[in-house]
Structure formats: structure tokens, C-alpha cells
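Notes follow once the structure below has been shown.
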Amino acid sequence: TLHHLKFPPNDANLRVETGVRQADEVSMFYDPMIAKVVVWGSNREMALAKCEAALAEIKVVGLPTNVSFVRKCLKHPEFIKGEVETNFIADYYDDLFEEFNAEAAAKAAHVPAALLAYRMIEYATAEAAMAAASSDDPNSPWHTREHLRVNAPGSFSLGLTLLSTKAESEPTPMTVEVIESEGNTVTLKVDDSPEMDVVGLHAPGAEELVALVDGKMQRAEIVSSGREVHVFSADGTVTFELPQARFGGADALGGDGCVAPMAGKVVKVLAAPGQTFSKGDQLVILEAMKMEHTVKAPRDGTVKEVLCAEGDFVEGKKLVISFETADALG
């Protein structure tokens with residue numbers, strides 16, 4: 001389901017051809033192309049710049065896309081020169097599919113995490129103001145979002161989980177420590193990074209967040225879908241998961257499992273209950289969008305239960321394998 005969908009507006013030199021709208025469901029029985037971006041420029045350089053700018057404005061939540069991959073292709077030196085043939089991806093595979101580096105990804109997510117924390121403080125402050133305005137006691141301390149501490153700074157922490165774009169890679173826990181919040185300025189730090197000052201420049205309630213982060217202009221649109229929060233910026237998309245309440249609704253499987261990356265048909269199950277596996281091992285193979293997709297183990301463990309069978313049609317994000325890690329087994 002396309003929970004959120006936004007394309008750049010058409011103009012004389014840009015046309016987005018699409019047949020879907022926000023809230024539409026794209027099932028496994030349809031062609032994977034949901035849109036085509038067509039641009040014109042007086043020369044290749046201008047056309048590429050126009051295309052890159054258009055792709056940077058595309059925001060999709062609910063369906064995996066190749067937007068970031070296409071943007072990487074556009075920036076490749078050989079593509080810029082026009083040296084493009086049908087084997088372009090194979091020839092420059094290592095350039096286009098760099099090995100995932102969890103540490104570098106976490107560091108790149110520091111600014112998006114800071115922007116997300118700023119937006120959450122902004123919303124909480126607005127909600128508190130509305131509650132105070134409708135209360136018989138608008139000056140009650142229960143209506144403030146100031147984290148007052150006697151003889152101590154009013155700081156607090158926000159736990160986030162950075163979700164990887166690689167299915168076999170582990171999510172990365174992150175902590176945002178809000179040191180001080182006053183007016184439109186928030187001082188915070190992400191993990192072990194230096195302190196950052198985030199100064200909001202947008203109008204209250206604006207969809208696009210515009211802020212100075214340590215003096216550098218940043219623009220972002222933040223979209224939530226369940227516990228997942230997507231931060232869209234000119235640099236790409238970063239997805240975080242908000243913490244789950246520890247009371248009720250806890251995952252009965254302890255959160256250890258593999259999910260289908262998208263809706264598809266199970267063509268092969270390579271795991272069985274009691275089977276031990278190592279990080280990166282293939283567990284399930286799906287067929288979706290005219291391609292095969294492999295569900296790999298995110299870490300070492302032992303299969304607890306296989307929740308699909310060959311021939312099954314599964315929804316995206318559906319748990320297909322539950323497992324126990326060595327730590328859980330003692």
C-alpha cells in the first residue's frame with residue numbers, strides 16, 4: 001500500500017507519468033513500475049540535473065523503490081558522459097552497489113535523527129499548548145513540555161532504531177540526547193557525536209521542516225507510518241523505528257525473525273525448525289515484481305519456526321522465519 005506518495009509537479013521540462021495515487025495498493029500481480037520521470041534539457045548536463053532534482057523530490061512510503069539507485073546512476077562519471085549500454089550496471093556493479101557499512105550509515109543518520117527529534121519536540125510543544133488552552137488551569141505544570149530538574153539540566157533522551165536498506169543487515173540502535181530546548185532552538189547530540197544546535201526556520205505546523213543544523217541549512221519532510229518514521233531530504237531517505245511500549249502488545253516472538261521485504265510468492269524455503277544458520281545465510285526465496293528476492297539471516301541463530309511454505313503468497317513485512325539467537329539460547 002502506498003501510505004505516502006509525492007511526485008514533483010509537472011512543468012514544461014518535466015513530466016511524471018504514473019497511474020497510482022496515495023493509498024493505492026500495488027499487489028504482486030502488477031508491473032513493478034509505478035511511475036516514469038521524463039525530463040528535457042538543452043543538453044545532457046542540463047537534462048541530468050533536471051532529472052536529479054526531480055528524483056530528489058519523490059517521496060514514497062509503503063513500497064520499496066529504486067529512486068536512490070537511479071540517482072546514483074545519474075551521478076556516475078560514465079553515465080554523465082553518455083557511455084551507457086545494456087551492460088552498464090554489470091560493468092560498474094561495484095560502484096553502484098557499494099558494500100554496506102553500518103558505522104558509516106549510522107554516522108550519516110545523525111543529522112536526520114536530529115531533525116526528527118526537533119520535529120517531535122515541536123509537535124509535543126504544540127500539543128501541550130493546545131491542552132493548556134482548553135484547560136481550566138492553563139498554567140498547570142502538567143501542560144508544559146519543559147523537562148525541569150532540580151539542580152540539574154532539563155535534558156532527556158530519545159531512543160531510535162536506524163533501519164537498514166539491506167535486509168540482511170542489523171538495525172542500529174541510536175540515542176538522541178536533548179540537552180536544552182528553548183523557543184525554536186534545540187541543543188542535542190546523537191550517540192557520541194559533538195553537540196548540535198538545531199534552529200527551526202519554518203512556520204509552525206509547516207509540512208517541510210527547515211532548520212539550521214550547526215549553521216548549515218537543512219530541509220526535510222518527515223512521514224510516519226506506524227512505528228516507522230521516514231526522513232526525506234536532498235541527501236536521500238533515512239528510516240527510523242520508534243521505541244515500542246514495554247507494556248502490552250509486545251512481540252510474542254521477541255522480535256527475532258525475518259520478514260518478507262515485499263509482497264510475493266514463496267518459491268523456495270531453505271530453512272527448517274531446529275536448523276542452525278550463520279549471518280547472511282539464505283533462508284527463503286521470494287518471487288516478486290518479476291524478480292527473485294532472497295531473505296537472508298541478519299545474524300547467527302537457530303530456526304524456531306518456519307511460517308511459510310513453498311507456493312504461499314505473503315504480504316510485505318510479514319514474518320516468514322522466527323529464530324532464536326545464541327544469546328537467547330544461553
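Here, A, B, ... name the chains of the C-alpha cells in the order displayed, residue numbers run from 1 inside each chain, and ligands are numbered from 1 in the same displayed order.
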
Quiz prompt | Sel. of helix (DSSP H, G or I) residues, region 84-269 of chain A, as a ChimeraX atom specification | solution = /A:88-91,93-96,102-108,110-133,141-143

All residues 12 Å or closer to Glu177 (chain A), only C-alpha atoms, same chain fewer than 3 positions away omitted, as a short mmCIF file (atom, residue, chain, number, x, y, z; two decimals) with N, CA and C atoms, in the first residue's frame:
data_model
loop_
_atom_site.label_atom_id
_atom_site.label_comp_id
_atom_site.auth_asym_id
_atom_site.auth_seq_id
_atom_site.Cartn_x
_atom_site.Cartn_y
_atom_site.Cartn_z
N HIS A 110 22.99 10.91 11.62
CA HIS A 110 22.99 11.80 12.78
C HIS A 110 22.14 13.04 12.54
N ALA A 113 18.43 12.19 12.33
CA ALA A 113 17.93 11.88 13.68
C ALA A 113 17.71 13.16 14.48
N ALA A 114 18.60 14.13 14.30
CA ALA A 114 18.46 15.42 14.99
C ALA A 114 17.21 16.16 14.50
N ALA A 117 14.14 14.47 15.99
CA ALA A 117 13.96 14.85 17.40
C ALA A 117 13.38 16.25 17.50
N TYR A 118 13.86 17.15 16.65
CA TYR A 118 13.35 18.53 16.66
C TYR A 118 11.86 18.53 16.33
N PRO A 153 20.36 20.01 34.65
CA PRO A 153 19.81 20.47 33.37
C PRO A 153 18.57 19.67 32.99
N GLY A 154 17.67 20.30 32.28
CA GLY A 154 16.44 19.63 31.88
C GLY A 154 16.60 18.82 30.63
N SER A 155 17.48 17.85 30.63
CA SER A 155 17.75 17.04 29.45
C SER A 155 16.93 15.75 29.48
N PHE A 156 16.78 15.14 28.32
CA PHE A 156 16.12 13.84 28.23
C PHE A 156 16.64 13.13 26.99
N SER A 157 16.40 11.84 26.92
CA SER A 157 16.92 11.03 25.81
C SER A 157 15.78 10.41 25.01
N LEU A 158 16.04 10.23 23.74
CA LEU A 158 15.09 9.59 22.84
C LEU A 158 15.79 8.43 22.16
N GLY A 159 15.23 7.25 22.31
CA GLY A 159 15.81 6.06 21.68
C GLY A 159 15.21 5.83 20.30
N LEU A 160 16.05 5.62 19.30
CA LEU A 160 15.61 5.35 17.94
C LEU A 160 16.33 4.11 17.42
N MET A 174 20.11 3.87 18.20
CA MET A 174 20.69 5.19 18.32
C MET A 174 20.02 5.92 19.48
N GLU A 180 19.10 20.81 25.74
CA GLU A 180 18.36 22.03 26.07
C GLU A 180 17.41 22.36 24.93
N SER A 181 16.22 22.83 25.27
CA SER A 181 15.23 23.21 24.28
C SER A 181 14.59 24.52 24.71
N VAL A 186 17.09 23.98 19.63
CA VAL A 186 17.28 22.76 20.42
C VAL A 186 18.76 22.37 20.34
N THR A 187 19.35 22.14 21.49
CA THR A 187 20.73 21.65 21.55
C THR A 187 20.68 20.16 21.88
N LEU A 188 21.33 19.35 21.07
CA LEU A 188 21.27 17.90 21.28
C LEU A 188 22.53 17.23 20.76
N LYS A 189 22.64 15.97 21.03
CA LYS A 189 23.73 15.17 20.47
C LYS A 189 23.19 13.79 20.15
N VAL A 190 23.74 13.18 19.11
CA VAL A 190 23.31 11.85 18.68
C VAL A 190 24.45 10.88 18.93
N ASP A 191 24.18 9.88 19.76
CA ASP A 191 25.21 8.91 20.15
C ASP A 191 26.44 9.66 20.69
N ASP A 192 27.61 9.41 20.11
CA ASP A 192 28.83 10.05 20.62
C ASP A 192 29.25 11.26 19.78
N SER A 193 28.33 11.80 19.00
CA SER A 193 28.66 12.96 18.17
C SER A 193 28.79 14.20 19.04
N PRO A 194 29.46 15.25 18.55
CA PRO A 194 29.50 16.52 19.28
C PRO A 194 28.10 17.11 19.38
N GLU A 195 27.92 18.04 20.29
CA GLU A 195 26.63 18.70 20.43
C GLU A 195 26.28 19.44 19.14
N MET A 196 24.99 19.45 18.82
CA MET A 196 24.50 20.15 17.63
C MET A 196 23.40 21.13 18.04
#

Self-check item: Shell around Arg227 (chain A) at 9 Å using only C-alpha atoms, local window under 6 positions removed, as a PyMOL selection string
Solution: chain A and resi 240-244

Hey, can you spit out that residue selection with all heavy atoms as a PDB file, in the first residue's frame?
ATOM      1  N   PHE A 240      13.718   5.428  10.463  1.00  0.00           N
ATOM      2  CA  PHE A 240      13.920   5.068  11.861  1.00  0.00           C
ATOM      3  C   PHE A 240      12.689   4.326  12.368  1.00  0.00           C
ATOM      4  O   PHE A 240      11.593   4.469  11.819  1.00  0.00           O
ATOM      5  CB  PHE A 240      14.117   6.313  12.738  1.00  0.00           C
ATOM      6  CG  PHE A 240      15.307   7.143  12.380  1.00  0.00           C
ATOM      7  CD1 PHE A 240      15.177   8.268  11.583  1.00  0.00           C
ATOM      8  CD2 PHE A 240      16.572   6.807  12.854  1.00  0.00           C
ATOM      9  CE1 PHE A 240      16.273   9.049  11.264  1.00  0.00           C
ATOM     10  CE2 PHE A 240      17.680   7.572  12.532  1.00  0.00           C
ATOM     11  CZ  PHE A 240      17.531   8.702  11.736  1.00  0.00           C
ATOM     12  N   GLU A 241      12.890   3.563  13.425  1.00  0.00           N
ATOM     13  CA  GLU A 241      11.772   2.931  14.122  1.00  0.00           C
ATOM     14  C   GLU A 241      11.711   3.498  15.529  1.00  0.00           C
ATOM     15  O   GLU A 241      12.724   3.553  16.230  1.00  0.00           O
ATOM     16  CB  GLU A 241      11.953   1.414  14.176  1.00  0.00           C
ATOM     17  CG  GLU A 241      10.764   0.682  14.773  1.00  0.00           C
ATOM     18  CD  GLU A 241      10.940  -0.823  14.732  1.00  0.00           C
ATOM     19  OE1 GLU A 241      11.849  -1.329  15.424  1.00  0.00           O
ATOM     20  OE2 GLU A 241      10.188  -1.491  14.009  1.00  0.00           O
ATOM     21  N   LEU A 242      10.533   3.939  15.929  1.00  0.00           N
ATOM     22  CA  LEU A 242      10.355   4.480  17.262  1.00  0.00           C
ATOM     23  C   LEU A 242      10.262   3.335  18.266  1.00  0.00           C
ATOM     24  O   LEU A 242       9.850   2.225  17.914  1.00  0.00           O
ATOM     25  CB  LEU A 242       9.090   5.337  17.330  1.00  0.00           C
ATOM     26  CG  LEU A 242       9.069   6.566  16.416  1.00  0.00           C
ATOM     27  CD1 LEU A 242       7.723   7.282  16.540  1.00  0.00           C
ATOM     28  CD2 LEU A 242      10.198   7.516  16.762  1.00  0.00           C
ATOM     29  N   PRO A 243      10.626   3.575  19.510  1.00  0.00           N
ATOM     30  CA  PRO A 243      10.582   2.502  20.516  1.00  0.00           C
ATOM     31  C   PRO A 243       9.161   2.032  20.765  1.00  0.00           C
ATOM     32  O   PRO A 243       8.204   2.810  20.676  1.00  0.00           O
ATOM     33  CB  PRO A 243      11.191   3.157  21.759  1.00  0.00           C
ATOM     34  CG  PRO A 243      11.025   4.616  21.551  1.00  0.00           C
ATOM     35  CD  PRO A 243      11.134   4.840  20.084  1.00  0.00           C
ATOM     36  N   GLN A 244       9.029   0.747  21.061  1.00  0.00           N
ATOM     37  CA  GLN A 244       7.720   0.171  21.368  1.00  0.00           C
ATOM     38  C   GLN A 244       7.515   0.174  22.868  1.00  0.00           C
ATOM     39  O   GLN A 244       8.444  -0.092  23.638  1.00  0.00           O
ATOM     40  CB  GLN A 244       7.645  -1.267  20.842  1.00  0.00           C
ATOM     41  CG  GLN A 244       6.338  -1.972  21.144  1.00  0.00           C
ATOM     42  CD  GLN A 244       6.248  -3.297  20.427  1.00  0.00           C
ATOM     43  OE1 GLN A 244       6.112  -3.351  19.212  1.00  0.00           O
ATOM     44  NE2 GLN A 244       6.341  -4.388  21.168  1.00  0.00           N
TER      45      GLN A 244
END

Quiz prompt | Residues near Tyr92 (chain A), cut-off 12 Å, only C-alpha atoms, skip fewer than 3 positions along chain, as a PyMOL selection string | solution = chain A and resi 72-73+76-79+83-89+95-98

For the selection you just gave me, I'd like the residues written to a file as a PDB file, in the first residue's frame, keeping N, CA, C and O atoms.
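Output (selection-v7.pdb):
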ATOM      1  N   LYS A  72      22.048   7.391  -8.036  1.00  0.00           N
ATOM      2  CA  LYS A  72      23.466   7.012  -8.049  1.00  0.00           C
ATOM      3  C   LYS A  72      23.948   6.790  -9.482  1.00  0.00           C
ATOM      4  O   LYS A  72      25.074   7.165  -9.837  1.00  0.00           O
ATOM      5  N   CYS A  73      23.101   6.213 -10.320  1.00  0.00           N
ATOM      6  CA  CYS A  73      23.455   6.021 -11.733  1.00  0.00           C
ATOM      7  C   CYS A  73      23.676   7.369 -12.423  1.00  0.00           C
ATOM      8  O   CYS A  73      24.636   7.543 -13.183  1.00  0.00           O
ATOM      9  N   HIS A  76      27.081   8.814 -11.857  1.00  0.00           N
ATOM     10  CA  HIS A  76      28.267   8.048 -12.250  1.00  0.00           C
ATOM     11  C   HIS A  76      28.954   8.741 -13.429  1.00  0.00           C
ATOM     12  O   HIS A  76      28.292   9.165 -14.383  1.00  0.00           O
ATOM     13  N   PRO A  77      30.271   8.868 -13.386  1.00  0.00           N
ATOM     14  CA  PRO A  77      31.008   9.570 -14.452  1.00  0.00           C
ATOM     15  C   PRO A  77      30.714   9.039 -15.854  1.00  0.00           C
ATOM     16  O   PRO A  77      30.581   9.825 -16.806  1.00  0.00           O
ATOM     17  N   GLU A  78      30.619   7.721 -15.999  1.00  0.00           N
ATOM     18  CA  GLU A  78      30.375   7.151 -17.327  1.00  0.00           C
ATOM     19  C   GLU A  78      28.957   7.445 -17.807  1.00  0.00           C
ATOM     20  O   GLU A  78      28.726   7.650 -19.003  1.00  0.00           O
ATOM     21  N   PHE A  79      28.018   7.477 -16.885  1.00  0.00           N
ATOM     22  CA  PHE A  79      26.639   7.813 -17.261  1.00  0.00           C
ATOM     23  C   PHE A  79      26.561   9.272 -17.680  1.00  0.00           C
ATOM     24  O   PHE A  79      25.881   9.623 -18.645  1.00  0.00           O
ATOM     25  N   GLU A  83      28.193   7.243 -21.787  1.00  0.00           N
ATOM     26  CA  GLU A  83      28.704   5.903 -22.114  1.00  0.00           C
ATOM     27  C   GLU A  83      27.813   4.861 -21.443  1.00  0.00           C
ATOM     28  O   GLU A  83      28.206   4.195 -20.483  1.00  0.00           O
ATOM     29  N   VAL A  84      26.597   4.705 -21.952  1.00  0.00           N
ATOM     30  CA  VAL A  84      25.618   3.811 -21.334  1.00  0.00           C
ATOM     31  C   VAL A  84      25.159   2.761 -22.330  1.00  0.00           C
ATOM     32  O   VAL A  84      24.663   3.093 -23.412  1.00  0.00           O
ATOM     33  N   GLU A  85      25.343   1.502 -21.971  1.00  0.00           N
ATOM     34  CA  GLU A  85      24.870   0.385 -22.773  1.00  0.00           C
ATOM     35  C   GLU A  85      24.085  -0.551 -21.858  1.00  0.00           C
ATOM     36  O   GLU A  85      23.974  -0.315 -20.655  1.00  0.00           O
ATOM     37  N   THR A  86      23.554  -1.626 -22.403  1.00  0.00           N
ATOM     38  CA  THR A  86      22.729  -2.536 -21.613  1.00  0.00           C
ATOM     39  C   THR A  86      23.506  -3.219 -20.484  1.00  0.00           C
ATOM     40  O   THR A  86      22.911  -3.694 -19.523  1.00  0.00           O
ATOM     41  N   ASN A  87      24.826  -3.272 -20.603  1.00  0.00           N
ATOM     42  CA  ASN A  87      25.634  -3.901 -19.546  1.00  0.00           C
ATOM     43  C   ASN A  87      26.211  -2.873 -18.575  1.00  0.00           C
ATOM     44  O   ASN A  87      27.165  -3.157 -17.856  1.00  0.00           O
ATOM     45  N   PHE A  88      25.654  -1.669 -18.571  1.00  0.00           N
ATOM     46  CA  PHE A  88      26.176  -0.594 -17.705  1.00  0.00           C
ATOM     47  C   PHE A  88      26.202  -1.020 -16.240  1.00  0.00           C
ATOM     48  O   PHE A  88      27.213  -0.843 -15.543  1.00  0.00           O
ATOM     49  N   ILE A  89      25.113  -1.588 -15.741  1.00  0.00           N
ATOM     50  CA  ILE A  89      25.044  -1.971 -14.321  1.00  0.00           C
ATOM     51  C   ILE A  89      26.063  -3.058 -14.018  1.00  0.00           C
ATOM     52  O   ILE A  89      26.766  -3.005 -13.005  1.00  0.00           O
ATOM     53  N   ASP A  95      30.675   0.020  -8.195  1.00  0.00           N
ATOM     54  CA  ASP A  95      30.454   1.449  -7.939  1.00  0.00           C
ATOM     55  C   ASP A  95      29.014   1.713  -7.500  1.00  0.00           C
ATOM     56  O   ASP A  95      28.754   2.540  -6.629  1.00  0.00           O
ATOM     57  N   LEU A  96      28.094   0.994  -8.119  1.00  0.00           N
ATOM     58  CA  LEU A  96      26.676   1.245  -7.886  1.00  0.00           C
ATOM     59  C   LEU A  96      26.141   0.523  -6.656  1.00  0.00           C
ATOM     60  O   LEU A  96      25.157   0.950  -6.058  1.00  0.00           O
ATOM     61  N   PHE A  97      26.783  -0.578  -6.283  1.00  0.00           N
ATOM     62  CA  PHE A  97      26.338  -1.354  -5.116  1.00  0.00           C
ATOM     63  C   PHE A  97      27.504  -1.490  -4.142  1.00  0.00           C
ATOM     64  O   PHE A  97      28.110  -2.549  -4.016  1.00  0.00           O
ATOM     65  N   GLU A  98      27.797  -0.402  -3.470  1.00  0.00           N
ATOM     66  CA  GLU A  98      28.903  -0.408  -2.520  1.00  0.00           C
ATOM     67  C   GLU A  98      28.565  -1.297  -1.320  1.00  0.00           C
ATOM     68  O   GLU A  98      27.402  -1.410  -0.921  1.00  0.00           O
TER      69      GLU A  98
END

Self-check item: Selected residue, from A:Glu17, A:Asp281, A:Glu310, A:Glu57, that lies nearest to Ala297 (chain A) when counting only C-alpha atoms
Solution: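 Closest to Ala297 (chain A) of all the choices is A:Asp281.
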
Quiz item: Can you list, as JSON, numbers by chain, every protein, DNA or RNA residue that comes within 10 Å of Leu55 (chain A) when you count only C-alpha atoms, leaving out same-chain residues fewer than 5 positions away?
Solution: {"A": [7, 8, 37, 49, 50, 67, 68, 70, 71, 234, 236]}
